[in-house]
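Below: the structure, in structure tokens.
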2 protein chains.
Amino acid sequence: MKSMLPIALSNRHVHLSKEHIQILFGEDYELNKMKDLSQPGQYACEEKIDVVGPKNTLKGVRILGPARKKSQVEISLTDGFTLGVVPPVRDSGDLEGSPGAKLIGPKGEVEITEGVIAAARHIHMHTSDAEQYGVKDKDRVKVRVNGERGLVFENVLVRVHKDYALEMHVDVDEGNAAAVKNGYMVEIIK
Amino acid sequence: MKSMLPIALSNRHVHLSKEHIQILFGEDYELNKMKDLSQPGQYACEEKIDVVGPKNTLKGVRILGPARKKSQVEISLTDGFTLGVVPPVRDSGDLEGSPGAKLIGPKGEVEITEGVIAAARHIHMHTSDAEQYGVKDKDRVKVRVNGERGLVFENVLVRVHKDYALEMHVDVDEGNAAAVKNGYMVEIIK
């Protein structure tokens, strides 16, 4: 059985609905791809927006494409202190009851009533990986990070899909707590 | 044997030498205690200073008293990105080869050539606690945090002294990675 896989830190970012792209960037605007991300079909855009909370503004937050059904702001708990909101720890897309924010683009602004979350740590795996690692979709596993800030992340969600590439995702707080950088190898513990 | 103890998050802060207090706040200046900290004899001061790095400034960083032999800036790795330096993960006082910064107070400024660190996670214990928890000074232990962001901190330094009060200290990145707040109970794992 395989157990080692690469980790990546997700910095704060925004997914936008088509409707919100038009409001923030203008009618018929299309996001411009800056670079592909490790997950097939996902990409970082050249565009950034400001996210305004009750206390402060996070300026220049990167947009990830393509457009989603609902706009979603993924920040760390540290970012939450800056903004003045407490983002719940959620799986992507699970936005109910999360705090809102004001989003400001070059052509307009929009107030979202929910959508600010801290992404729950998770592992992306292709269907063929799942067999090799002896896990299945929605499993919860432990993952060890070695080093001077070594730790074991518990309660890590496994997400298996034919469009996924093998990678563990944590946010910046979690990555820094373990003192890891993108591409460091970590270990699934059975 | 006892195993549970409270955790506390250390936000960014500065310890200053007497010489630097005079430079930053004026001759014969004495720091003003705002409140006592959990460790006997340690206190948060009313005074704050700005810490300037190559990339940005951390404004209003709290000073902790009393004065130390050498000035020391304790920040998270997230703060390090903001400043534009990479603080090594160190025990308090172990400053050799760490990055410097410019410190700006109301009456002057000083450039320190080293002293910017990320504090290594550790546990403070009174001598009498050590017996009850079955550990001794300089032991390395594992500590479990429960909850939705449950994890196990490995490589946690135990510091035993008759002037210490029982508490685990982590920085803000580590606290947020585990989604804990001050006073949450965590567990030493043997």
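Chain labels follow the order of the structure tokens: the first chain is A, the next B, and so on; residue numbering restarts at 1 in every chain, and ligands are counted from 1 in their shown order.
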
Would you list which chain A residues are within 9 Å of chain B using only C-alpha atoms, as a PyMOL selection string?
chain A and resi 76-78+89+120-121+142+146-156+171-179

With a distance cut-off of 12 Å and only C-alpha atoms, select the neighbouring residues of stretch 42-45 of chain B, excluding the residue or stretch itself and same-chain residues fewer than 5 positions from it, and output the selection as a PyMOL selection string.
chain B and resi 10-16+30-37+60-68+163-165

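Counting only C-alpha atoms and comparing A:Gly80, A:Asn56, A:Pro99, A:Ile188, the residue that lies closest to A:Ala130 is A:Ile188.
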
With a distance cut-off of 7 Å and only C-alpha atoms, select the neighbouring residues of A:Lys107, excluding the residue or stretch itself and same-chain residues fewer than 5 positions from it, and output the selection as a PDB file with C-alpha atoms, in the first residue's frame.
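Okay, this is what ended up in selection_28.pdb:
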ATOM      1  CA  ILE A  23     -21.248  42.778 -11.365  1.00  0.00           C
ATOM      2  CA  LEU A  24     -17.621  43.048 -10.236  1.00  0.00           C
ATOM      3  CA  PHE A  25     -15.899  43.161 -13.642  1.00  0.00           C
ATOM      4  CA  GLY A  26     -18.579  44.296 -16.067  1.00  0.00           C
TER       5      GLY A  26
END

When DSSP works through the backbone of this structure, what residues of chain A end up as alpha helix (DSSP H), shown as a PDB file with C-alpha atoms, in the first residue's frame?
ATOM      1  CA  LYS A  18     -21.170  34.133 -13.243  1.00  0.00           C
ATOM      2  CA  GLU A  19     -23.595  36.747 -11.980  1.00  0.00           C
ATOM      3  CA  HIS A  20     -21.049  38.173  -9.548  1.00  0.00           C
ATOM      4  CA  ILE A  21     -18.299  38.202 -12.201  1.00  0.00           C
ATOM      5  CA  GLN A  22     -20.541  40.471 -14.319  1.00  0.00           C
ATOM      6  CA  ILE A  23     -21.248  42.778 -11.365  1.00  0.00           C
ATOM      7  CA  LEU A  24     -17.621  43.048 -10.236  1.00  0.00           C
ATOM      8  CA  PHE A  25     -15.899  43.161 -13.642  1.00  0.00           C
ATOM      9  CA  LEU A  77      -8.862  31.733  10.690  1.00  0.00           C
ATOM     10  CA  THR A  78      -6.009  34.268  10.882  1.00  0.00           C
ATOM     11  CA  ASP A  79      -7.601  36.113   7.929  1.00  0.00           C
ATOM     12  CA  GLY A  80     -10.913  35.868   9.794  1.00  0.00           C
ATOM     13  CA  PHE A  81      -9.457  37.869  12.703  1.00  0.00           C
ATOM     14  CA  THR A  82      -8.291  40.503  10.218  1.00  0.00           C
ATOM     15  CA  LEU A  83     -11.705  40.709   8.535  1.00  0.00           C
ATOM     16  CA  THR A 127     -10.014   6.837  -8.490  1.00  0.00           C
ATOM     17  CA  SER A 128      -6.930   4.786  -9.299  1.00  0.00           C
ATOM     18  CA  ASP A 129      -5.017   6.307  -6.348  1.00  0.00           C
ATOM     19  CA  ALA A 130      -7.716   5.300  -3.881  1.00  0.00           C
ATOM     20  CA  GLU A 131      -7.041   1.609  -4.507  1.00  0.00           C
ATOM     21  CA  GLN A 132      -3.310   2.037  -4.123  1.00  0.00           C
ATOM     22  CA  TYR A 133      -3.716   3.920  -0.844  1.00  0.00           C
ATOM     23  CA  VAL A 172      -2.017  28.644   5.396  1.00  0.00           C
ATOM     24  CA  ASP A 173      -2.505  28.393   9.182  1.00  0.00           C
ATOM     25  CA  GLU A 174      -2.288  24.612   8.993  1.00  0.00           C
ATOM     26  CA  GLY A 175       0.665  24.645   6.619  1.00  0.00           C
ATOM     27  CA  ASN A 176       2.575  27.095   8.795  1.00  0.00           C
ATOM     28  CA  ALA A 177       1.712  25.191  11.973  1.00  0.00           C
TER      29      ALA A 177
END

Test item, strand (DSSP E) assignment across stretch 13-60 of chain A, answer as number ranges by chain:
A: 13-17, 33-36, 43-52, 57-60

Counting only C-alpha atoms, figure out which residue out of A:Asp94, A:Glu109, A:Asp139, A:Glu47 gets nearest to A:Arg159.
A:Asp139

Quote the spacing between atom CA of B:Ile75 and atom CA of B:Met125 in Å to one decimal place.
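Computing the Euclidean distance for atom CA of B:Ile75 and atom CA of B:Met125 yields 22.9 Å.
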
Between A:Ile189, A:Ser17, A:Pro40, A:Glu46, smallest distance to A:Gly115 by only C-alpha atoms belongs to A:Ser17

Hey, what's within 9 Å of A:Lys59 if we count only C-alpha atoms and toss same-chain stuff fewer than 3 positions away? As a list in words, please?
Lys48, Ile49, Asp50, Val51 and Val52 of chain A

Based on the selection just made, write all heavy atoms of those residues as a PDB file, in the first residue's frame.
ATOM      1  N   LYS A  48      -8.073  39.903  -9.291  1.00  0.00           N
ATOM      2  CA  LYS A  48      -8.183  39.899  -7.834  1.00  0.00           C
ATOM      3  C   LYS A  48      -9.292  40.863  -7.421  1.00  0.00           C
ATOM      4  O   LYS A  48      -9.625  41.783  -8.166  1.00  0.00           O
ATOM      5  CB  LYS A  48      -6.871  40.374  -7.201  1.00  0.00           C
ATOM      6  CG  LYS A  48      -5.660  39.492  -7.494  1.00  0.00           C
ATOM      7  CD  LYS A  48      -4.404  40.125  -6.917  1.00  0.00           C
ATOM      8  CE  LYS A  48      -3.181  39.255  -7.120  1.00  0.00           C
ATOM      9  NZ  LYS A  48      -1.979  39.853  -6.512  1.00  0.00           N
ATOM     10  N   ILE A  49      -9.842  40.635  -6.243  1.00  0.00           N
ATOM     11  CA  ILE A  49     -10.846  41.561  -5.713  1.00  0.00           C
ATOM     12  C   ILE A  49     -10.537  41.851  -4.249  1.00  0.00           C
ATOM     13  O   ILE A  49      -9.699  41.179  -3.633  1.00  0.00           O
ATOM     14  CB  ILE A  49     -12.288  40.997  -5.820  1.00  0.00           C
ATOM     15  CG1 ILE A  49     -12.399  39.679  -5.040  1.00  0.00           C
ATOM     16  CG2 ILE A  49     -12.696  40.805  -7.272  1.00  0.00           C
ATOM     17  CD1 ILE A  49     -13.826  39.191  -4.890  1.00  0.00           C
ATOM     18  N   ASP A  50     -11.207  42.842  -3.697  1.00  0.00           N
ATOM     19  CA  ASP A  50     -11.087  43.131  -2.274  1.00  0.00           C
ATOM     20  C   ASP A  50     -12.262  42.492  -1.534  1.00  0.00           C
ATOM     21  O   ASP A  50     -13.388  42.515  -2.019  1.00  0.00           O
ATOM     22  CB  ASP A  50     -11.082  44.641  -2.018  1.00  0.00           C
ATOM     23  CG  ASP A  50      -9.819  45.311  -2.558  1.00  0.00           C
ATOM     24  OD1 ASP A  50      -8.851  44.589  -2.887  1.00  0.00           O
ATOM     25  OD2 ASP A  50      -9.817  46.541  -2.652  1.00  0.00           O
ATOM     26  N   VAL A  51     -11.972  41.923  -0.371  1.00  0.00           N
ATOM     27  CA  VAL A  51     -13.007  41.331   0.476  1.00  0.00           C
ATOM     28  C   VAL A  51     -13.097  42.180   1.746  1.00  0.00           C
ATOM     29  O   VAL A  51     -12.105  42.320   2.469  1.00  0.00           O
ATOM     30  CB  VAL A  51     -12.671  39.875   0.828  1.00  0.00           C
ATOM     31  CG1 VAL A  51     -13.708  39.294   1.779  1.00  0.00           C
ATOM     32  CG2 VAL A  51     -12.566  39.027  -0.442  1.00  0.00           C
ATOM     33  N   VAL A  52     -14.272  42.754   1.985  1.00  0.00           N
ATOM     34  CA  VAL A  52     -14.440  43.698   3.091  1.00  0.00           C
ATOM     35  C   VAL A  52     -15.242  43.055   4.218  1.00  0.00           C
ATOM     36  O   VAL A  52     -16.352  42.560   3.993  1.00  0.00           O
ATOM     37  CB  VAL A  52     -15.170  44.970   2.615  1.00  0.00           C
ATOM     38  CG1 VAL A  52     -15.253  45.998   3.736  1.00  0.00           C
ATOM     39  CG2 VAL A  52     -14.479  45.556   1.389  1.00  0.00           C
TER      40      VAL A  52
END

Among the residues B:Val141, B:Leu166, B:Leu58, B:Val186, the one that comes closest to B:Ala101 [using only C-alpha atoms]
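For B:Ala101, the nearest of the given residues is B:Leu58.
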
Atom CA of A:Gly41 and atom CA of A:Asp28 are how many Å apart?
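Atom-to-atom, atom CA of A:Gly41 to atom CA of A:Asp28, that is 21.1 Å.
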